[in-house]
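**Student:** work-v6.txt is reproduced in full below (compact mmCIF, C-alpha atoms).
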```txt
# COMPACT_ATOMS: atom_id res chain seq x y z
CA MET S 30 10.64 -51.00 -17.02
CA LYS S 31 8.67 -51.67 -13.85
CA TYR S 32 11.38 -49.86 -11.86
CA VAL S 33 11.02 -46.75 -14.01
CA ILE S 34 7.24 -46.79 -13.61
CA SER S 35 7.62 -47.29 -9.85
CA LEU S 36 10.06 -44.37 -9.71
CA VAL S 37 7.74 -42.05 -11.64
CA VAL S 38 4.71 -43.04 -9.54
CA GLY S 39 6.82 -42.54 -6.41
CA LEU S 40 7.92 -39.10 -7.60
CA ILE S 41 4.32 -38.06 -8.22
CA PHE S 42 3.15 -39.36 -4.85
CA GLY S 43 6.15 -37.80 -3.10
CA ALA S 44 5.45 -34.41 -4.61
CA ALA S 45 1.75 -34.74 -3.79
CA PHE S 46 2.59 -35.79 -0.23
CA PHE S 47 4.81 -32.74 0.19
CA ALA S 48 2.18 -30.43 -1.31
CA ALA S 49 -0.49 -31.78 1.06
CA GLY S 50 1.77 -31.35 4.09
CA PHE S 51 2.73 -27.88 2.91
CA TYR S 52 -0.89 -26.82 2.40
CA TYR S 53 -2.31 -28.32 5.60
CA ASN S 54 0.69 -27.45 7.77
CA PRO S 55 -0.91 -27.00 11.22
CA PHE S 56 2.08 -25.06 12.54
CA VAL S 57 1.42 -22.10 10.25
CA GLY S 58 -1.17 -19.69 11.52
CA GLN S 59 -2.06 -16.05 11.63
CA ALA S 60 -3.25 -14.14 14.66
CA LYS S 61 -6.92 -13.34 15.06
CA LEU S 62 -6.39 -11.16 18.11
CA SER S 63 -4.76 -7.79 17.62
CA PRO S 64 -1.54 -7.25 19.61
CA LEU S 65 -2.91 -3.76 20.29
CA ALA S 66 -5.90 -5.24 22.13
CA VAL S 67 -3.92 -5.11 25.37
CA SER S 68 -2.51 -1.64 24.72
CA ASP S 69 -3.31 1.24 27.09
CA ALA S 70 -3.27 3.65 24.17
CA LYS S 71 -6.40 5.37 22.94
CA MET S 72 -7.55 3.53 19.82
CA THR S 73 -9.16 4.72 16.63
CA ALA S 74 -10.89 2.09 14.50
CA LEU S 75 -11.52 2.83 10.83
CA SER S 76 -13.48 0.41 8.67
CA TYR S 77 -13.78 0.07 4.92
CA SER S 78 -15.41 -2.30 2.47
CA ALA S 79 -12.97 -4.63 0.73
CA VAL S 80 -15.52 -5.25 -2.05
CA VAL S 81 -14.24 -3.53 -5.19
CA ALA S 82 -17.65 -2.20 -6.26
CA ASP S 83 -18.07 -0.49 -2.87
CA SER S 84 -14.80 1.43 -3.19
CA ILE S 85 -14.32 4.87 -4.72
CA LEU S 86 -11.62 3.50 -7.02
CA PHE S 87 -9.68 0.29 -7.43
CA THR S 88 -7.08 -0.50 -10.05
CA ASN S 89 -4.48 -3.13 -10.85
CA ASP S 90 -3.03 -4.67 -14.02
CA GLY S 91 -6.55 -5.47 -15.26
CA GLU S 92 -5.87 -9.21 -15.47
CA SER S 93 -6.51 -10.18 -11.86
CA MET S 94 -9.74 -11.57 -10.41
CA SER S 95 -10.69 -8.20 -8.94
CA ARG S 96 -11.37 -6.00 -11.94
CA PRO S 97 -10.53 -2.28 -11.91
CA TYR S 98 -13.38 -0.02 -10.79
CA PRO S 99 -14.87 2.11 -12.28
CA ASN S 100 -14.56 0.56 -15.73
CA LYS S 101 -12.73 3.45 -17.34
CA VAL S 102 -9.96 3.73 -14.78
CA SER S 103 -6.41 3.52 -16.09
CA GLU S 104 -4.80 0.10 -15.51
CA LEU S 105 -1.34 -0.43 -14.02
CA TRP S 106 0.09 -2.35 -16.97
CA GLU S 107 3.64 -0.95 -16.98
CA PRO S 108 6.26 -3.58 -15.94
CA ALA S 109 7.36 -1.75 -12.78
CA ILE S 110 3.82 -1.44 -11.38
CA LYS S 111 1.93 -4.36 -12.95
CA ASP S 112 1.88 -6.31 -9.66
CA SER S 113 0.65 -3.29 -7.67
CA GLN S 114 -2.84 -2.34 -6.57
CA VAL S 115 -4.39 1.00 -5.68
CA LEU S 116 -7.50 1.36 -3.55
CA VAL S 117 -9.30 4.63 -2.74
CA THR S 118 -12.04 4.11 -0.20
CA SER S 119 -14.34 5.85 2.22
CA LEU S 120 -13.58 5.16 5.86
CA THR S 121 -16.16 4.84 8.61
CA ASP S 122 -15.67 5.07 12.36
CA ALA S 123 -16.77 2.57 15.00
CA ARG S 124 -20.34 3.95 14.84
CA GLY S 125 -20.50 3.55 11.09
CA GLN S 126 -20.31 7.29 10.44
CA PRO S 127 -18.11 8.69 7.62
CA ALA S 128 -14.64 9.32 9.03
CA GLY S 129 -12.54 10.18 5.99
CA ILE S 130 -10.80 9.00 2.87
CA GLY S 131 -8.09 6.35 2.66
CA ILE S 132 -5.70 5.65 -0.19
CA LYS S 133 -3.90 2.30 -0.15
CA MET S 134 -1.08 1.23 -2.46
CA SER S 135 0.31 -2.29 -2.25
CA SER S 136 2.81 -4.54 -4.00
CA PRO S 137 4.07 -8.09 -3.37
CA SER S 138 7.21 -8.24 -1.26
CA GLU S 139 10.38 -9.87 -2.51
CA LYS S 140 10.91 -11.06 1.08
CA SER S 141 8.12 -13.63 0.57
CA ARG S 142 9.41 -17.14 1.22
CA LEU S 143 7.20 -20.04 0.16
CA TYR S 144 9.02 -22.55 2.35
CA LYS S 145 8.08 -20.42 5.35
CA SER S 146 4.47 -20.30 4.13
CA GLU S 147 4.80 -16.58 3.52
CA PHE S 148 3.18 -14.49 0.85
CA LEU S 149 4.02 -10.95 1.93
CA VAL S 150 2.70 -7.68 0.57
CA ASN S 151 4.15 -4.24 1.25
CA SER S 152 1.42 -1.65 1.61
CA VAL S 153 1.09 2.01 2.48
CA TRP S 154 -1.97 4.01 3.50
CA HIS S 155 -2.62 7.73 3.42
CA LEU S 156 -5.54 8.50 5.71
CA TYR S 157 -7.33 11.84 5.69
CA MET S 158 -9.82 12.41 8.48
CA PRO S 159 -11.54 15.81 8.04
CA GLY S 160 -11.45 17.90 11.20
CA ARG S 161 -8.75 15.69 12.72
CA GLY S 162 -5.77 15.43 10.38
CA THR S 163 -3.76 13.04 8.26
CA LEU S 164 -1.87 9.83 8.98
CA ALA S 165 0.58 7.65 7.07
CA ILE S 166 0.70 3.90 7.65
CA ASP S 167 3.30 1.53 6.26
CA GLN S 168 3.20 -2.20 6.82
CA THR S 169 3.98 -5.67 5.63
CA GLU S 170 0.92 -7.88 5.30
CA SER S 171 0.75 -11.66 5.11
CA TYR S 172 -1.75 -13.11 2.62
CA TRP S 173 -0.84 -16.79 3.10
CA ALA S 174 -3.81 -17.58 5.34
CA TYR S 175 -6.10 -15.60 3.01
CA LEU S 176 -4.95 -17.62 -0.01
CA ARG S 177 -5.07 -20.96 1.84
CA ASP S 178 -8.41 -20.48 3.62
CA ILE S 179 -10.39 -18.48 1.04
CA VAL S 180 -8.93 -18.19 -2.46
CA ILE S 181 -7.81 -21.81 -3.00
CA PRO S 182 -11.03 -23.33 -1.54
CA ALA S 183 -12.99 -21.00 -3.85
CA TRP S 184 -11.03 -22.38 -6.83
CA TRP S 185 -11.71 -25.95 -5.71
CA SER S 186 -15.40 -25.30 -5.20
CA SER S 187 -17.74 -26.33 -8.02
CA SER S 188 -19.56 -23.04 -7.51
CA ASP S 189 -16.31 -21.06 -7.96
CA ALA S 190 -17.05 -19.38 -4.65
CA TRP S 191 -16.27 -19.53 -0.94
CA ARG S 192 -18.65 -18.75 1.90
CA GLY S 193 -17.90 -18.76 5.58
CA SER S 194 -16.69 -16.61 8.43
CA TRP S 195 -13.02 -15.71 8.39
CA SER S 196 -11.21 -13.02 10.33
CA ARG S 197 -7.45 -12.44 10.59
CA ASN S 198 -4.91 -9.74 11.26
CA MET S 199 -3.14 -9.03 7.99
CA SER S 200 -0.34 -6.85 9.44
CA VAL S 201 2.85 -8.72 10.31
CA GLY S 202 5.35 -5.87 10.46
CA PRO S 203 7.51 -3.88 10.60
CA GLY S 204 6.71 -3.66 14.35
CA ALA S 205 8.16 -6.42 16.54
CA LEU S 206 4.66 -7.55 17.57
CA GLY S 207 3.46 -7.65 13.99
CA THR S 208 2.15 -4.12 13.92
CA ALA S 209 2.17 -1.48 11.19
CA ARG S 210 4.07 1.78 11.62
CA VAL S 211 2.02 4.98 11.93
CA THR S 212 3.37 8.48 11.27
CA GLY S 213 1.28 11.56 11.92
CA LEU S 214 1.43 13.98 9.02
CA GLY S 215 -0.83 16.81 10.13
CA GLY S 216 -3.63 18.16 12.30
CA GLU S 217 -4.05 16.55 15.72
CA PHE S 218 -1.75 13.71 14.60
CA ASP S 219 1.20 15.98 13.79
CA GLY S 220 4.39 14.37 15.10
CA LEU S 221 2.65 11.15 16.14
CA GLN S 222 4.70 7.94 16.00
CA SER S 223 2.54 4.97 16.76
CA GLU S 224 1.33 1.51 15.71
CA ALA S 225 -1.66 0.02 13.91
CA VAL S 226 -3.07 -3.31 12.86
CA GLU S 227 -5.09 -4.00 9.72
CA SER S 228 -7.52 -6.90 9.79
CA LEU S 229 -9.86 -8.49 7.24
CA ASN S 230 -13.26 -10.00 7.90
CA ALA S 231 -14.50 -12.18 5.04
CA ARG S 232 -17.87 -13.84 4.45
CA ALA S 233 -17.99 -14.51 0.72
CA TYR S 234 -15.51 -14.69 -2.14
CA SER S 235 -15.90 -15.49 -5.82
CA THR S 236 -13.20 -16.48 -8.29
CA LEU S 237 -15.04 -14.44 -10.92
CA GLN S 238 -15.10 -11.10 -9.12
CA GLY S 239 -12.92 -11.42 -6.01
CA PRO S 240 -14.28 -10.38 -2.60
CA VAL S 241 -18.10 -10.42 -2.49
CA SER S 242 -18.65 -9.77 1.21
CA MET S 243 -15.53 -8.57 2.95
CA SER S 244 -14.53 -5.65 5.14
CA GLY S 245 -11.27 -4.32 6.46
CA MET S 246 -10.45 -2.51 9.65
CA LEU S 247 -7.53 -0.34 10.67
CA SER S 248 -7.03 -0.23 14.44
CA ILE S 249 -4.72 2.68 15.18
CA ALA S 250 -3.14 3.44 18.54
CA ILE S 251 -3.40 7.20 18.93
CA SER S 252 -0.81 7.79 21.61
CA ASP S 253 2.16 10.03 21.29
CA GLU S 254 4.94 8.48 23.38
CA SER S 255 6.84 11.76 23.53
CA ALA S 256 3.72 13.58 24.76
CA LEU S 257 3.17 10.89 27.40
CA LEU S 258 6.80 11.23 28.50
CA GLU S 259 6.48 15.01 28.74
CA GLU S 260 3.28 14.56 30.74
CA ARG S 261 5.01 12.20 33.19
CA LEU S 262 8.00 14.54 33.53
CA SER S 263 5.77 17.52 34.25
CA GLU S 264 3.92 15.47 36.89
CA GLU S 265 7.23 14.64 38.59
CA MET L 6 10.27 -45.75 -1.93
CA LEU L 7 13.20 -44.03 -3.62
CA GLY L 8 10.75 -42.27 -5.95
CA LEU L 9 8.69 -41.09 -2.98
CA ILE L 10 11.76 -39.63 -1.26
CA LEU L 11 12.96 -38.00 -4.46
CA GLY L 12 9.46 -36.56 -5.05
CA VAL L 13 9.36 -35.01 -1.59
CA ALA L 14 12.93 -33.72 -1.91
CA GLY L 15 12.31 -32.32 -5.40
CA ALA L 16 9.15 -30.49 -4.35
CA ALA L 17 10.87 -29.17 -1.22
CA SER L 18 13.84 -27.93 -3.30
CA LEU L 19 11.51 -26.23 -5.72
CA VAL L 20 9.70 -24.40 -2.92
CA TYR L 21 12.98 -23.46 -1.24
CA PHE L 22 14.92 -22.21 -4.24
CA VAL L 23 12.26 -20.63 -6.47
CA GLN L 24 11.78 -16.96 -5.68
CA ALA L 25 8.07 -16.32 -5.13
CA VAL L 26 8.18 -12.64 -6.07
CA ASP L 27 10.57 -11.06 -8.55
CA LEU L 28 9.66 -7.44 -9.17
CA HIS L 29 10.69 -5.55 -12.30
CA ARG L 30 13.41 -3.00 -11.65
CA GLU L 31 14.43 0.12 -13.52
CA ALA L 32 17.84 1.61 -12.84
CA SER L 33 17.68 4.33 -10.17
CA LEU L 34 18.72 7.58 -11.88
CA ILE L 35 20.30 9.33 -8.93
CA SER L 36 22.88 12.11 -8.93
CA VAL L 37 25.22 12.62 -6.00
CA ARG L 38 25.27 16.07 -4.40
CA PRO L 39 28.33 17.83 -2.97
CA ASN L 40 27.11 17.30 0.63
CA GLY L 41 27.10 13.52 0.16
CA GLY L 42 23.37 13.30 -0.32
CA ASN L 43 21.63 12.36 -3.48
CA SER L 44 19.10 13.90 -5.79
CA GLU L 45 16.48 12.19 -7.92
CA THR L 46 13.73 13.72 -9.99
CA PHE L 47 10.38 12.07 -10.60
CA TYR L 48 8.04 13.16 -13.38
CA ILE L 49 4.30 13.06 -14.00
CA ASN L 50 3.05 13.84 -17.50
CA LEU L 51 -0.32 15.59 -17.38
CA PRO L 52 -2.99 14.64 -18.13
CA ALA L 53 -1.77 11.28 -19.50
CA ASP L 54 -0.48 9.94 -16.17
CA ARG L 55 -3.52 10.88 -14.11
CA ILE L 56 -5.27 7.75 -12.79
CA PHE L 57 -7.75 9.42 -10.47
CA ALA L 58 -8.91 12.84 -9.34
CA GLY L 59 -11.60 13.72 -6.83
CA LYS L 60 -12.44 17.20 -5.64
CA ARG L 61 -15.18 18.89 -3.70
CA SER L 62 -15.62 22.64 -3.75
CA GLY L 63 -18.76 24.27 -2.36
CA ASP L 64 -21.75 22.19 -3.42
CA LYS L 65 -19.97 20.74 -6.42
CA SER L 66 -17.96 17.55 -6.69
CA SER L 67 -15.80 16.68 -9.66
CA ALA L 68 -14.19 13.35 -10.35
CA PHE L 69 -12.09 11.49 -12.88
CA PRO L 70 -12.38 8.91 -14.48
CA PRO L 71 -16.00 9.05 -15.66
CA GLY L 72 -18.31 6.98 -13.48
CA LEU L 73 -16.36 7.60 -10.29
CA GLN L 74 -18.49 8.65 -7.31
CA TRP L 75 -16.58 11.11 -5.10
CA PRO L 76 -18.18 11.38 -1.62
CA LYS L 77 -20.58 14.28 -1.18
CA ASP L 78 -19.71 14.64 2.49
CA GLU L 79 -19.62 18.35 3.44
CA SER L 80 -16.60 17.78 5.67
CA LEU L 81 -14.57 17.16 2.49
CA ASN L 82 -15.13 20.72 1.27
CA GLY L 83 -11.95 21.97 -0.37
CA ALA L 84 -10.38 18.51 -0.40
CA ALA L 85 -8.67 17.28 -3.53
CA SER L 86 -7.10 13.87 -4.12
CA GLU L 87 -5.22 12.75 -7.18
CA ILE L 88 -3.33 9.60 -8.13
CA PHE L 89 -0.73 9.49 -10.88
CA LYS L 90 1.75 7.17 -12.51
CA LEU L 91 5.26 8.23 -11.61
CA ARG L 92 8.13 8.32 -14.12
CA ASN L 93 11.90 8.52 -13.89
CA SER L 94 14.22 10.77 -15.93
CA ASN L 95 14.05 8.30 -18.83
CA ASN L 96 10.27 8.80 -18.99
CA VAL L 97 9.68 5.20 -17.81
CA VAL L 98 6.90 4.49 -15.28
CA ILE L 99 8.49 3.32 -12.03
CA GLY L 100 5.77 3.86 -9.45
CA ILE L 101 2.51 5.42 -8.32
CA ALA L 102 1.95 8.72 -6.51
CA ALA L 103 -0.96 10.22 -4.59
CA ARG L 104 -1.37 13.94 -3.90
CA VAL L 105 -3.90 14.90 -1.23
CA SER L 106 -4.67 18.49 -0.22
CA ASN L 107 -7.26 20.64 1.48
CA SER L 108 -6.86 24.40 1.71
CA GLN L 109 -9.98 24.69 3.93
CA GLU L 110 -9.21 21.93 6.43
CA SER L 111 -10.17 23.02 9.96
CA SER L 112 -7.31 21.09 11.57
CA GLY L 113 -4.84 22.84 9.28
CA ALA L 114 -4.55 23.23 5.51
CA PHE L 115 -2.18 20.72 3.94
CA ILE L 116 -0.62 19.38 0.77
CA GLN L 117 0.86 15.89 1.02
CA TRP L 118 2.30 13.27 -1.31
CA MET L 119 2.57 9.52 -0.98
CA LEU L 120 4.98 7.90 -3.47
CA HIS L 121 5.08 4.12 -3.92
CA LEU L 122 7.90 2.55 -5.93
CA PRO L 123 7.25 -1.22 -5.71
CA ALA L 124 10.82 -2.49 -6.00
CA ARG L 125 12.31 0.30 -3.88
CA GLY L 126 10.00 1.59 -1.15
CA SER L 127 7.61 4.40 -0.34
CA MET L 128 7.82 8.04 0.74
CA PHE L 129 5.42 10.32 2.59
CA LEU L 130 6.01 14.01 1.86
CA ARG L 131 4.56 17.12 3.47
CA MET L 132 4.66 20.25 1.33
CA GLN L 133 4.55 23.95 2.12
CA LEU L 134 1.28 25.62 1.22
CA LYS L 135 2.78 28.53 -0.70
CA PRO L 136 5.24 28.03 -3.53
CA SER L 137 8.33 30.19 -3.76
CA LYS L 138 8.65 33.03 -6.29
CA ASP L 139 10.30 30.73 -8.81
CA GLY L 140 7.32 28.37 -8.71
CA LEU L 141 8.89 25.68 -6.51
CA ARG L 142 6.85 24.27 -3.65
CA ASN L 143 9.21 22.84 -1.05
CA GLY L 144 8.48 20.03 1.34
CA LEU L 145 9.93 17.47 3.73
CA LEU L 146 10.25 13.70 3.75
CA MET L 147 8.16 12.73 6.79
CA ALA L 148 8.56 8.95 6.61
CA GLY L 149 9.90 6.35 4.24
CA THR L 150 10.06 2.61 3.75
CA GLY L 151 12.50 0.32 1.96
CA GLU L 152 15.52 2.22 0.67
CA PHE L 153 13.95 5.53 1.80
CA GLU L 154 13.47 4.42 5.42
CA VAL L 155 16.77 5.77 6.71
CA LEU L 156 16.89 8.89 4.54
CA ASN L 157 16.11 12.48 5.49
CA GLY L 158 15.73 15.55 3.42
CA GLY L 159 13.50 17.65 1.28
CA VAL L 160 11.59 17.68 -1.94
CA SER L 161 10.48 20.36 -4.36
CA GLU L 162 7.36 20.25 -6.50
CA TYR L 163 7.35 22.17 -9.77
CA PHE L 164 4.73 22.38 -12.49
CA ASN L 165 6.55 22.67 -15.80
CA THR L 166 4.42 23.96 -18.67
CA GLU L 167 7.29 24.27 -21.14
CA VAL L 168 7.20 20.60 -22.08
CA ALA L 169 3.71 20.56 -23.62
CA ASP L 170 3.49 18.06 -26.46
CA ALA L 171 0.13 17.59 -28.18
CA GLU L 172 1.34 14.50 -30.00
CA TYR L 173 1.82 12.64 -26.70
CA ASP L 174 -1.17 14.22 -24.91
CA VAL L 175 1.08 16.19 -22.56
CA THR L 176 0.01 19.69 -21.55
CA GLY L 177 2.37 19.99 -18.61
CA ARG L 178 4.63 18.04 -16.32
CA LEU L 179 4.77 17.82 -12.55
CA GLU L 180 8.31 17.41 -11.29
CA LEU L 181 9.24 16.16 -7.84
CA ILE L 182 12.90 16.83 -7.12
CA THR L 183 14.13 15.00 -4.03
CA SER L 184 17.29 15.91 -2.10
CA LEU L 185 17.89 13.14 0.40
CA VAL L 186 20.78 12.28 2.67
CA GLY L 187 21.52 9.11 4.62
CA PRO L 188 22.26 8.93 8.35
CA LEU L 189 25.71 9.82 9.61
CA GLY L 190 28.02 6.96 10.60
CA ASP L 191 28.15 5.71 14.18
CA GLU L 192 29.75 8.18 16.54
CA LYS L 193 32.84 6.87 18.28
```
Show the structure stored in the file as structure tokens.
**Tutor:**
Amino acid sequence: MKYVISLVVGLIFGAAFFAAGFYYNPFVGQAKLSPLAVSDAKMTALSYSAVVADSILFTNDGESMSRPYPNKVSELWEPAIKDSQVLVTSLTDARGQPAGIGIKMSSPSEKSRLYKSEFLVNSVWHLYMPGRGTLAIDQTESYWAYLRDIVIPAWWSSSDAWRGSWSRNMSVGPGALGTARVTGLGGEFDGLQSEAVESLNARAYSTLQGPVSMSGMLSIAISDESALLEERLSEE
Amino acid sequence: MLGLILGVAGAASLVYFVQAVDLHREASLISVRPNGGNSETFYINLPADRIFAGKRSGDKSSAFPPGLQWPKDESLNGAASEIFKLRNSNNVVIGIAARVSNSQESSGAFIQWMLHLPARGSMFLRMQLKPSKDGLRNGLLMAGTGEFEVLNGGVSEYFNTEVADAEYDVTGRLELITSLVGPLGDEK
């Protein structure tokens, strides 16, 4: 009997030991510095509030921590879209002035691998900047660090909340350097093929309502490689 | 000690073999065209499938659902954004679609679609401003992800009013008919 008890206790401790190592794995990290920070390209930075109540519209399956906003918005309850989220938000430029409207759709990626400490999300943005044009962004984002550093500590906290200062790049692909892909759809961006990085800056999170103080930023390299090539050729 | 090792191995196996994300899939209802490409039609039942609508015209803004605050920024004059649930030919919801347009945009009037099908990928479409005589508005696939990443081709938008059905709160149906073709094989 004592051997069975020892085995069960060992199993529990073994699983707990693995879980602790998995959670505190120091070899898993996420970049804070944008790979575009060293780019020569002209950059456009667009910011938005990641707090649901500050958005124009937010919807999901209606059962997640972040509740759909406004209250009467249709929920995404159908099986094929129940894991998806839609965000419509106002965008501001680096000076805090209105810069346009962004629509983001995202869904968990089946390429997520827990043993690699990955929780991936596929997301797409449609950005409309009045007077300038429209852009499409597609990317894979990693939410592992977000879950580990913010969401789980908030669950553990007796106040059901997390406070601190947290900033990470969320984009991890499809670009080789972990950048999102940008396609110009119209206006001054017509024909543009470029890269972008989305980052999150969090200060407060609640398990009851999701992000309480959190903002996102899209850093977009506005450089048309073909235009640069043509420019160089004409100079030669 | 044996229990400890088995506990670690069991937890590691669980993490390794259990799929973290398993999205629901509907069968893709695609027909093959004579040129080797494929055609698929997506449907939006109106007004039932409308999730969001925001529009600014002159001094007036209109928005759906009730309680939504559409920006009053003057630069958005003429802009209209809508988000819908997207259905396949079996009338099953398979994705989400956004239609953004502005006929008064100073950088160039536009009508664009973004389609997001979670288990398959996404498409960005740019449409012509004027529909043809038969009511079709044609457009191009500008970029895609997932299974649409390597495809090229066109799309037609058609507003069908012949399917109105008061019982199901349908006054019309938007149809997006895609005609996409994959890349040619490697040249030798």
**Student:** Just how far from atom CA of Gly239 of chain S is atom CA of Pro97 of chain S, in Å to one decimal?
**Tutor:** 11.1 Å
**Student:** Find the residues near Leu134 of chain L: any atom within 10 Å, counting only C-alpha atoms, skip ones fewer than 6 places away on the same chain, and give them as number ranges by chain.
**Tutor:** L: 106-108, 114-117, 142-144
**Student:** Chain L near chain S within 6 Å: what's each residue's closest atom pair and its distance in Å to one decimal, counting all atoms listed in the file, ordered by chain then ascending residue number, as a tab-separated table?
**Tutor:**
```
residue	atom	partner	partner_atom	distance
L:Gly8	CA	S:Gly39	CA	4.0
L:Leu9	CA	S:Gly43	CA	4.2
L:Gly12	CA	S:Leu40	CA	3.9
L:Val13	CA	S:Gly43	CA	4.5
L:Ala16	CA	S:Ala44	CA	5.4
L:Val20	CA	S:Tyr144	CA	5.6
L:Tyr21	CA	S:Tyr144	CA	5.4
L:Val26	CA	S:Glu139	CA	5.0
L:His29	CA	S:Ala109	CA	5.1
L:Ile56	CA	S:Ser103	CA	5.5
L:Pro70	CA	S:Val102	CA	5.7
L:Ser80	CA	S:Pro159	CA	5.9
L:Ile99	CA	S:Ala109	CA	5.2
L:Gly100	CA	S:Ile110	CA	6.0
L:Ser111	CA	S:Gly160	CA	5.4
L:Ser112	CA	S:Gly216	CA	4.8
L:Gly113	CA	S:Gly216	CA	5.7
L:Pro123	CA	S:Ser136	CA	5.8
```
**Student:** Find the residues near His121 of chain L: any atom within 7 Å, counting all atoms listed in the file, skip ones fewer than 4 places away on the same chain, and give them as number ranges by chain.
**Tutor:** S: 134; L: 100-102, 126-128
**Student:** Go ahead and save the picked residues with C-alpha atoms, as a PDB file, keeping the file's coordinate frame.
**Tutor:**
```pdb
ATOM      1  CA  MET S 134      -1.080   1.230  -2.460  1.00  0.00           C
TER       2      MET S 134
ATOM      3  CA  GLY L 100       5.770   3.860  -9.450  1.00  0.00           C
ATOM      4  CA  ILE L 101       2.510   5.420  -8.320  1.00  0.00           C
ATOM      5  CA  ALA L 102       1.950   8.720  -6.510  1.00  0.00           C
ATOM      6  CA  GLY L 126      10.000   1.590  -1.150  1.00  0.00           C
ATOM      7  CA  SER L 127       7.610   4.400  -0.340  1.00  0.00           C
ATOM      8  CA  MET L 128       7.820   8.040   0.740  1.00  0.00           C
TER       9      MET L 128
END
```
**Student:** Go ahead and compute the interatomic distance for atom CA of Arg177 of chain S and atom CA of Tyr53 of chain S, in Å to one decimal.
**Tutor:**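 Taking atom CA of Arg177 of chain S and atom CA of Tyr53 of chain S, their separation equals 8.7 Å.
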**Student:** Taking the point (-16.8, 18.3, -2.1) as given in the file, collect each protein or nucleic acid residue that comes within 6 Å of it, counting all atoms listed in the file, and present the set as a list in words.
**Tutor:**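 The requested residues, written out, are Lys60, Arg61, Ser62, Lys65, Ser66, Lys77, Leu81 and Asn82 of chain L.
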**Student:** Near Gly193 of chain S, within 8 Å and counting only C-alpha atoms, which residues show up once chain neighbours fewer than 3 positions away are dropped, as a list in words?
**Tutor:**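 My list of contacting residues is Ala231, Arg232 and Ala233 of chain S.
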**Student:** May I ask for the distance between atom CA of Gly59 of chain L and atom CA of Ala85 of chain L, given in Å to one decimal place?
**Tutor:**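 It comes out at 5.7 Å.
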**Student:** At a cut-off of 9 Å, using only C-alpha atoms, what residues contact Ala190 of chain S? Leave out same-chain residues fewer than 3 positions from it and give the result as a list in words.
**Tutor:**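 Final neighbour list, sorted by chain and number: Ile179, Val180, Pro182, Ala183, Trp184, Trp185, Ser186, Ser187, Ala233, Tyr234, Ser235, Thr236 and Leu237 of chain S.
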**Student:** Keeping only C-alpha atoms, take the residues you just selected and write them out as a PDB file, in the coordinates of the input.
**Tutor:**
```
ATOM      1  CA  ILE S 179     -10.390 -18.480   1.040  1.00  0.00           C
ATOM      2  CA  VAL S 180      -8.930 -18.190  -2.460  1.00  0.00           C
ATOM      3  CA  PRO S 182     -11.030 -23.330  -1.540  1.00  0.00           C
ATOM      4  CA  ALA S 183     -12.990 -21.000  -3.850  1.00  0.00           C
ATOM      5  CA  TRP S 184     -11.030 -22.380  -6.830  1.00  0.00           C
ATOM      6  CA  TRP S 185     -11.710 -25.950  -5.710  1.00  0.00           C
ATOM      7  CA  SER S 186     -15.400 -25.300  -5.200  1.00  0.00           C
ATOM      8  CA  SER S 187     -17.740 -26.330  -8.020  1.00  0.00           C
ATOM      9  CA  ALA S 233     -17.990 -14.510   0.720  1.00  0.00           C
ATOM     10  CA  TYR S 234     -15.510 -14.690  -2.140  1.00  0.00           C
ATOM     11  CA  SER S 235     -15.900 -15.490  -5.820  1.00  0.00           C
ATOM     12  CA  THR S 236     -13.200 -16.480  -8.290  1.00  0.00           C
ATOM     13  CA  LEU S 237     -15.040 -14.440 -10.920  1.00  0.00           C
TER      14      LEU S 237
END
```
**Student:** For the point (9.4, 20.0, -0.8) in the file's frame, write as an MDAnalysis selection string all residues with an atom no more than 10 Å away, counting all atoms listed in the file.
**Tutor:** chainID L and resid 117:118 130:133 136 141:146 158:163 181:184
**Student:** Neighbours of Val168 of chain L within 12 Å (all atoms listed in the file; same-chain residues fewer than 2 positions away dropped), as a count of residues only?
**Tutor:** 18
